[in-house]
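Peer 1: Submitted below is the structure of interest, expressed as structure tokens.
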Amino acid sequence: MHSGKIKLPVKEIMLSNGLKVLLVEDRNAPIITFQIWYKAGSRNERPGITGISHLFEHMMFKGSKNVGAEKHSQKINAVGGTENAFTQWDVTSYFEIVPNEQLELPIYLESERLQNLNLIQETLTSESEVVKEERRLRTENDPSGLAIENLFALAFLIHPYHWPIVGWMGDLNAITLQDCKEYFRTYYAPNNAVIILVGDFEENEALPLIKKYFENIRNNVTPPPVKSEEPVQRGIRRADIKMIAEAPIIFAGFKAPKASHEDNYALQVASYILSTGESSRIYKSLLYQHQVAVEAGGETVALRDNGLFFAYALANPDANIDNVEKLLLDEFEKLKTETIPEKELQKAKNQLEADYIFGLASIFGKAMRLGTAETIAGKWQIVQETPAKLQEVTAEDLKRVAQQYFNRDTLTIIRILPEKNHLY
Amino acid sequence: MKKRMCTDKKILPDKSIFIFSNGLKLIVVEWHSLPMIHIDLMIHAGTFSEPAKMAGLAQATSYLPSQGTSTRHAMHIAEEIDFIGAKLRNDSQEDASYLSLTVLKKHLPEGLEIFNDLLLNPSFPQEELERWQKRTIASLAQEKADPSIVASRKFKNFAFGDYPYGNIITENTISIITQDEVKNYFYELYRPNNSVLVIVGDVDAKIIADDMEKLLAQWENKSVPSSTASAPSSTPGYAIQFINKADSNQAQIRFGYISISRNSPDYYPVVLINYVLGGGGFSSRLMKEIRSVKGYTYGINSNFNLYKHSGLFAISTFTKNENVPDMIKEIINQLKLLKENGITDEELKNAKSYYKGSFVRRFERPERIADQILDSELYGLGDEYLDTFRSKIDQVTPQQIEKVIEKLILTDRANIVLVGKAKDYAETLKKLGKTEIKDYSE
């Protein structure tokens with residue numbers, strides 16, 4: 001069966017207040033996932049309050065008029081459900097997975113905190129401490145996290161993608177309750193959100209519930225557009241960072257197109273050719289043949305306004321980092337100069353087809369794809385179009401996108417160099 | 001081939017069980033939602049069955065079949081697997097090793113042929129063993145950048161000591177593994193009578209069982225040595241291992257002691273008690289008190305890691321260095337409150353409803369269904385285990401909870417591993433019990 005033939009049965013409904021609802025019925029297991037995606041992330045921040053989107057996500061769990069602090073999570077857990085949230089550059093998303101007979105609970109709870117959130121100083125103070133611990137864990141004490149933070153900071157000099165999603169430490173200390181209130185009023189509005197419901201439910205039961213809890217919520221403000229534009233990069237940028245570690249790491253990124261751009265199909269195929277499976281090019285060169293790294297790859301991160309095509313390697317302790325860098329980037333050069341053999345292209349397409357089908361076995365996975373396509377790339381229909389578009393990519397397309405995007409002048413390289421001596 | 005059917009309640013699709021003449025047990029679950037199939041072979045041979053000085057042997061043995069057979073070179077296998085878009089995975093845990101394949105239905109014949117070749121004709125090439133050694137040693141160096149991984153490993157070793165669950169992989173244990181050792185481990189333990197095969201997906205149970213029996217007919221059974229090491233127990237008192245990482249602005253904390261094995265009759269009460277203490281995310285006491293109220297950490301949880309022959313109760317968290325003494329004090333305080341006052345009816349009710357309601361989520365996709373079945377097989381929980389799980393949870397009484405708290409929540413002992421800037425808290429914590437200090441680079 002060709003994967004293009006397995007279509008998600010998506011039903012789109014627009015509520016009168018501008019809230020878009022996507023429904024996908026799936027009878028595979030008696031569970032549902034309810035998700036609400038707000039089009040607000042670190043992209044919508046400004047210097048001085050970086051990290052507010054993520055900190056605010058934490059505040060959303062700290063109670064509202066009718067549901068106490070942490071009670072949202074506890075009520076979901078008490079029916080056997082799970083819930084969480086994540087913040088990215090372009091979006092903040094909240095989700096629950098519950099047994100299908102509990103359909104109403106997450107709908108009510110998400111509507112309640114959207115309308116009646118409590119924002120008080122005491123919880124802001126304790127949650128900023130929690131977030132600072134999260135930053136220490138994931139960035140300051142994690143070389144890969146530190147490398148990625150520096151990569152975005154150096155690749156994007158002007159655009160808000162410059163600062164990390166978790167925010168700069170100084171800003172985490174500076175964000176005020178007033179900032180949080182303003183952020184909430186501006187971005188947490190029905191016309192700036194999308195609801196996605198996937199799983200074992202009946203539309204004629206679910207839609208009235210969603211309308212009951214969400215359609216009366218009014219929009220206060222229209223979020224201001226992000227106008228910042230990243231200037232064209234005209235030359236390689238690089239930074240070496242010394243850190244107490246045993247082995248070097250390299251994270252590099254080529255400027256790549258934004259999520260809605262058609263070239264992302266060919267770039268996704270390129271990513272599979274480079275690093276999906278043990279026969280992929282980067283694996284074969286760096287891990288198998290030259291044995292200079294324990295993990296390496298190339299993959300595209302396509303965001304709302306820009307993209308970065310990552311090339312990375314966690315190197316062996318005795319590896320020469322210049323050599324690792326050369327071997328890694330050589331694989332990108334080859335895609336520019338050599339035409340990819342037909343069989344290798346077919347292999348990547350077969351892998352993409354299989355991964356698409358494997359991914360459909362999870363309601364959460366389906367909802368994630370729809371949410372990403374709708375809020376970052378601009379339309380959920382991309383999820384349905386993607387399998388066929390990937391199969392249409394030709395060897396010429398690959399060479400063209402490689403030549404266009406794997407350009408050294410738009411490359412940024414961050415290397416973590418181990419410093420064995422204790423500096424402190 | 002003997003076959004018996006058992007019709008489970010609606011939660012799990014019907015499973016068919018076959019016992020082949022070579023002793024292999026095959027369990028098939030027909031799952032027709034998508035044209036995919038997951039094949040998962042579990043061998044009762046894990047890190048528990050490897051000598052401590054050769055920690056990593058079980059992992060090498062589960063990995064190397066994918067790196068060469070009598071007719072296929074490593075890259076040849078990789079090319080074929082990737083060309084059909086399949087996922088070939090291997091894994092080695094405490095009590096078992098796994099070899100699995102996830103494949104589209106249209107590529108099942110090619111997938112099975114390769115899977116079969118790896119299992120029946122592995123060649124364990126010397127050059128691939130050396131590659132594995134070099135990469136594993138390099139991985140250890142990369143992982144050293146993550147204090148969380150280091151803390152968890154050291155803690156397990158600190159708590160179990162010489163008992164095999166405490167085995168810890170180092171450059172030395174990896175380097176001395178030889179091709180012969182891998183072969184011995186494989187031919188001794190990778191036997192059909194010591195394995196369970198689960199297939200979940202878009203198949204016809206009878207047809208796939210016939211195919212598998214033919215494919216695996218040459219796999220010979222052989223009696224397998226049984227593990228004998230007697231289970232360790234915990235002793236009163238606190239023992240602290242400070243692992244000094246002077247550049248760190250945050251300490252990783254592991255706190256716990258040796259506990260029961262997975263097939264203990266106390267299992268169901270333990271699961272519920274742990275949910276209330278620290279296994280239930282924001283519904284648990286540790287998260288509420290230590291993250292939500294005090295803001296000491298981003299995450300804290302407790303876990304009963306229960307294995308075949310023993311278990312380890314562990315609380316895991318992290319905080320900035322200066323908070324460490326208060327954090328340890330609060331953990332001990334929470335255990336004391338649990339021990340002295342037990343849990344409330346409301347907490348018990350919520351824990352039960354969590355487990356009853358969440359159970360269906362374990363059966364969403366083929367890989368997860370296979371995991372559930374294999375866990376039940378691994379610990380000998382019986383064919384009825386999955387059917388009766390929810391009613392067993394429901395039947396736990398407050399009296400049982402009380403007894404199990406008395407027996408398994410211990411407030412007079414713990415092994416504690418702290419990875420961070422020891423200077424900031426070592427002096428304060430010394431009075432708690434025995435201490436030792438190590439450097440992070442050791």
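For the structure tokens, the naming scheme is as follows: chains receive sequential letters (A, B, ...) according to their order of presentation, residues are indexed from 1 within each chain, and ligands are indexed from 1 in presentation order.
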Write down as a ChimeraX atom specification the residues of segment 122-323 of chain A whose backbone DSSP state falls under helix (DSSP H, G or I).

Peer 2: /A:122-140,143-155,160-162,169-174,177-187,190-192,203-214,263-275,281-289,321-323

Peer 1: Could you list the residues in chain A lying within 8 Å of chain B, using only C-alpha atoms, and format the result as a ChimeraX atom specification?

Peer 2: /A:1,28-31,70,73-74,77-81,98-99,126-127,129-131,133-134,136-137,141-143,244-247,277-279,287-288,291,293-294,314-317,346-348,350-355,357-358,360-362,422-424

Peer 1: Would you mind exporting C-alpha atoms of the selected residues as a PDB file, in the first residue's frame?

Peer 2:
ATOM      1  CA  MET A   1       0.000   0.000   0.000  1.00  0.00           C
ATOM      2  CA  ASN A  28      -7.533   2.108  17.506  1.00  0.00           C
ATOM      3  CA  ALA A  29      -7.652   2.374  21.319  1.00  0.00           C
ATOM      4  CA  PRO A  30     -10.329   3.753  23.691  1.00  0.00           C
ATOM      5  CA  ILE A  31      -8.382   6.947  24.406  1.00  0.00           C
ATOM      6  CA  GLU A  70      -1.561  21.736  40.247  1.00  0.00           C
ATOM      7  CA  SER A  73      -2.700  17.753  36.482  1.00  0.00           C
ATOM      8  CA  GLN A  74      -4.141  15.925  39.467  1.00  0.00           C
ATOM      9  CA  ASN A  77      -4.088  11.823  36.613  1.00  0.00           C
ATOM     10  CA  ALA A  78      -7.010  10.760  38.754  1.00  0.00           C
ATOM     11  CA  VAL A  79      -8.831   9.385  35.696  1.00  0.00           C
ATOM     12  CA  GLY A  80      -5.716   7.625  34.465  1.00  0.00           C
ATOM     13  CA  GLY A  81      -4.735  10.375  32.092  1.00  0.00           C
ATOM     14  CA  VAL A  98      -7.344  10.395  28.745  1.00  0.00           C
ATOM     15  CA  PRO A  99      -9.663   7.388  28.487  1.00  0.00           C
ATOM     16  CA  SER A 126       8.607  29.865  43.045  1.00  0.00           C
ATOM     17  CA  GLU A 127       8.125  28.928  39.369  1.00  0.00           C
ATOM     18  CA  GLU A 129      13.188  29.144  40.677  1.00  0.00           C
ATOM     19  CA  VAL A 130      11.890  25.908  39.108  1.00  0.00           C
ATOM     20  CA  VAL A 131      12.634  27.242  35.624  1.00  0.00           C
ATOM     21  CA  GLU A 133      16.758  24.717  37.818  1.00  0.00           C
ATOM     22  CA  GLU A 134      15.469  23.533  34.441  1.00  0.00           C
ATOM     23  CA  ARG A 136      20.791  24.687  34.854  1.00  0.00           C
ATOM     24  CA  LEU A 137      19.868  21.077  34.031  1.00  0.00           C
ATOM     25  CA  ASN A 141      25.185  21.430  32.730  1.00  0.00           C
ATOM     26  CA  ASP A 142      24.574  19.863  29.337  1.00  0.00           C
ATOM     27  CA  PRO A 143      27.169  20.466  26.601  1.00  0.00           C
ATOM     28  CA  ILE A 244      34.839  20.658  31.499  1.00  0.00           C
ATOM     29  CA  ALA A 245      34.080  17.556  29.477  1.00  0.00           C
ATOM     30  CA  GLU A 246      35.858  14.520  28.144  1.00  0.00           C
ATOM     31  CA  ALA A 247      35.038  14.671  24.467  1.00  0.00           C
ATOM     32  CA  GLY A 277      19.652   4.224   9.618  1.00  0.00           C
ATOM     33  CA  GLU A 278      23.057   2.618   9.875  1.00  0.00           C
ATOM     34  CA  SER A 279      23.546   2.731   6.111  1.00  0.00           C
ATOM     35  CA  LEU A 287      30.579   6.169  13.039  1.00  0.00           C
ATOM     36  CA  TYR A 288      31.452   3.205  10.885  1.00  0.00           C
ATOM     37  CA  GLN A 291      35.014   5.867  13.867  1.00  0.00           C
ATOM     38  CA  ALA A 293      31.952   9.908  16.647  1.00  0.00           C
ATOM     39  CA  VAL A 294      29.409   8.088  18.781  1.00  0.00           C
ATOM     40  CA  LEU A 314      29.313  13.877  19.445  1.00  0.00           C
ATOM     41  CA  ALA A 315      32.941  13.013  18.857  1.00  0.00           C
ATOM     42  CA  ASN A 316      35.223  10.404  20.335  1.00  0.00           C
ATOM     43  CA  PRO A 317      37.489  11.739  23.091  1.00  0.00           C
ATOM     44  CA  GLN A 346      14.456   5.031  -3.219  1.00  0.00           C
ATOM     45  CA  LYS A 347      15.793   3.775   0.097  1.00  0.00           C
ATOM     46  CA  ALA A 348      15.183   7.171   1.718  1.00  0.00           C
ATOM     47  CA  ASN A 350      10.925   3.781   1.577  1.00  0.00           C
ATOM     48  CA  GLN A 351      12.111   4.832   5.030  1.00  0.00           C
ATOM     49  CA  LEU A 352       9.966   7.968   4.929  1.00  0.00           C
ATOM     50  CA  GLU A 353       6.937   5.933   3.887  1.00  0.00           C
ATOM     51  CA  ALA A 354       7.461   3.403   6.686  1.00  0.00           C
ATOM     52  CA  ASP A 355       8.070   6.073   9.320  1.00  0.00           C
ATOM     53  CA  ILE A 357       2.847   4.686   8.765  1.00  0.00           C
ATOM     54  CA  PHE A 358       4.585   3.758  12.027  1.00  0.00           C
ATOM     55  CA  LEU A 360       0.125   6.861  12.580  1.00  0.00           C
ATOM     56  CA  ALA A 361      -0.080   4.213  15.303  1.00  0.00           C
ATOM     57  CA  SER A 362      -0.154   6.932  17.957  1.00  0.00           C
ATOM     58  CA  HIS A 422      39.309  22.382  36.792  1.00  0.00           C
ATOM     59  CA  LEU A 423      39.055  26.075  36.171  1.00  0.00           C
ATOM     60  CA  TYR A 424      36.958  26.968  39.144  1.00  0.00           C
TER      61      TYR A 424
END

Peer 1: To one decimal place in Å, what is the distance between atom CA of Lys392 of chain B and atom CA of Leu338 of chain B?

Peer 2: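 Result for atom CA of Lys392 of chain B versus atom CA of Leu338 of chain B: 22.8 Å, one decimal.
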
Peer 1: Need the shell around segment 153-156 of chain A: protein/DNA/RNA residues with any atom at most 10 Å away, counting only C-alpha atoms. Skip same-chain ones fewer than 5 positions apart. Format as number ranges by chain?

Peer 2: A: 147-148, 161-164, 229-233, 236-239, 252-255, 306, 308, 410-414

Peer 1: Restricting it to C-alpha atoms, dump the selection as a PDB file, in the first residue's frame.

Peer 2:
ATOM      1  CA  ALA A 147      25.965  24.196  22.018  1.00  0.00           C
ATOM      2  CA  ILE A 148      22.427  24.548  20.637  1.00  0.00           C
ATOM      3  CA  TYR A 161      15.293  33.014  17.352  1.00  0.00           C
ATOM      4  CA  HIS A 162      18.522  34.513  18.678  1.00  0.00           C
ATOM      5  CA  TRP A 163      17.604  33.867  22.316  1.00  0.00           C
ATOM      6  CA  PRO A 164      16.907  30.502  23.937  1.00  0.00           C
ATOM      7  CA  GLU A 229      13.818  39.962   9.664  1.00  0.00           C
ATOM      8  CA  GLU A 230      17.132  38.202   9.848  1.00  0.00           C
ATOM      9  CA  PRO A 231      19.596  39.761   7.377  1.00  0.00           C
ATOM     10  CA  VAL A 232      21.266  37.457   4.867  1.00  0.00           C
ATOM     11  CA  GLN A 233      24.347  35.818   6.330  1.00  0.00           C
ATOM     12  CA  ILE A 236      30.793  31.487   7.958  1.00  0.00           C
ATOM     13  CA  ARG A 237      30.424  32.168  11.695  1.00  0.00           C
ATOM     14  CA  ARG A 238      32.049  30.050  14.337  1.00  0.00           C
ATOM     15  CA  ALA A 239      32.689  29.862  18.051  1.00  0.00           C
ATOM     16  CA  ALA A 252      26.539  23.386  12.973  1.00  0.00           C
ATOM     17  CA  GLY A 253      23.610  24.900  11.140  1.00  0.00           C
ATOM     18  CA  PHE A 254      23.038  26.050   7.573  1.00  0.00           C
ATOM     19  CA  LYS A 255      20.361  28.679   7.055  1.00  0.00           C
ATOM     20  CA  ASN A 306      13.386  30.717   9.214  1.00  0.00           C
ATOM     21  CA  LEU A 308      18.321  25.776  10.253  1.00  0.00           C
ATOM     22  CA  THR A 410      25.381  30.734   5.643  1.00  0.00           C
ATOM     23  CA  LEU A 411      26.906  28.197   7.991  1.00  0.00           C
ATOM     24  CA  THR A 412      27.364  28.674  11.720  1.00  0.00           C
ATOM     25  CA  ILE A 413      29.551  26.286  13.707  1.00  0.00           C
ATOM     26  CA  ILE A 414      29.692  25.827  17.453  1.00  0.00           C
TER      27      ILE A 414
END

Peer 1: Name all residues at most 12 Å from Pro51 of chain B (count only C-alpha atoms; drop same-chain ones fewer than 4 positions away) and give them as a ChimeraX atom specification.

Peer 2: /B:46-47,55-58,162-169,173-174,176-177,181-182,185,227,229

Peer 1: For Val24 of chain A, work out the shell of residues within 8 Å, counting only C-alpha atoms and skipping chain neighbours fewer than 3 positions away, then give it as a VMD selection string.

Peer 2: chain A and resid 8 to 11 197 to 199

Peer 1: Have a look at A:Asn264, A:Ile250, A:Glu342, A:Glu45 and name the one nearest to Gly297 of chain A; count only C-alpha atoms.

Peer 2: A:Ile250

Peer 1: Which is closer to Arg390 of chain B than all the others in B:Tyr268, B:Leu129, B:Phe242, B:Asp375, using only C-alpha atoms?

Peer 2: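 Checking each of B:Tyr268, B:Leu129, B:Phe242, B:Asp375 against Arg390 of chain B, counting only C-alpha atoms, the winner is B:Tyr268.
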
Peer 1: Quick one: DSSP strand (DSSP E or B) residues in segment 13-181 of chain B, as a PyMOL selection string?

Peer 2: chain B and resi 15-19+25-30+36-43+68-69+73+87-92+97-104+122

Peer 1: Work out how far apart atom CA of Ala206 of chain A and atom CA of Trp37 of chain A are and give it in Å to one decimal.

Peer 2: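 Rounded to one decimal, the two atoms are 17.8 Å apart.
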
Peer 1: What is the atom CA of Gln381 of chain A-atom CA of Met14 of chain A distance in Å, reported with one decimal?

Peer 2: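 So the answer is 15.1 Å.
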
Peer 1: Tell me which protein, DNA and RNA residues are within 12 Å of segment 396-405 of chain B, counting only C-alpha atoms, leaving out same-chain ones fewer than 6 positions away, and put them as a short mmCIF file (atom, residue, chain, number, x, y, z; two decimals) with C-alpha atoms, in the first residue's frame.

Peer 2:
data_model
loop_
_atom_site.label_atom_id
_atom_site.label_comp_id
_atom_site.auth_asym_id
_atom_site.auth_seq_id
_atom_site.Cartn_x
_atom_site.Cartn_y
_atom_site.Cartn_z
CA SER B 259 13.88 -3.58 48.03
CA ILE B 260 11.70 -6.45 46.74
CA SER B 264 6.59 -10.15 45.05
CA PRO B 265 2.99 -10.41 46.29
CA ASP B 266 3.46 -6.86 47.59
CA TYR B 267 3.65 -5.56 44.03
CA TYR B 268 0.17 -4.02 43.78
CA PRO B 269 0.30 -2.13 47.11
CA VAL B 270 3.84 -0.97 46.25
CA VAL B 271 2.70 0.50 42.95
CA LEU B 272 -0.05 2.46 44.71
CA ILE B 273 2.15 3.66 47.56
CA ASN B 274 4.81 4.81 45.16
CA VAL B 276 1.28 8.69 46.20
CA LEU B 277 4.87 9.28 47.29
CA LEU B 335 9.39 9.24 54.11
CA LYS B 336 8.80 9.64 57.84
CA LEU B 337 5.40 11.23 57.27
CA LEU B 338 4.47 8.34 55.01
CA LYS B 339 5.72 5.78 57.46
CA GLU B 340 4.00 7.35 60.47
CA ASN B 341 0.70 8.47 58.98
CA GLY B 342 0.24 6.26 55.93
CA ILE B 343 -1.81 7.51 53.01
CA THR B 344 -5.32 8.90 53.02
CA ASP B 345 -8.38 7.18 51.55
CA GLU B 346 -8.54 9.93 48.98
CA GLU B 347 -4.93 9.33 47.93
CA LEU B 348 -5.54 5.60 47.66
CA LYS B 349 -8.65 6.18 45.59
CA ALA B 351 -3.87 6.14 42.84
CA LYS B 352 -6.20 3.27 42.01
CA PHE B 389 -4.25 -6.15 36.50
CA ARG B 390 -7.07 -3.67 37.03
CA THR B 411 13.38 5.68 57.44
#

Peer 1: Would you pick out the contacts of segment 121-127 of chain B at 10 Å or less, using only C-alpha atoms, so that residues sharing its chain but fewer than 4 positions from it are not included, and give the list as a PyMOL selection string?

Peer 2: chain B and resi 60-61+63-74+116-117+131-133+178-180+182-183+186+219
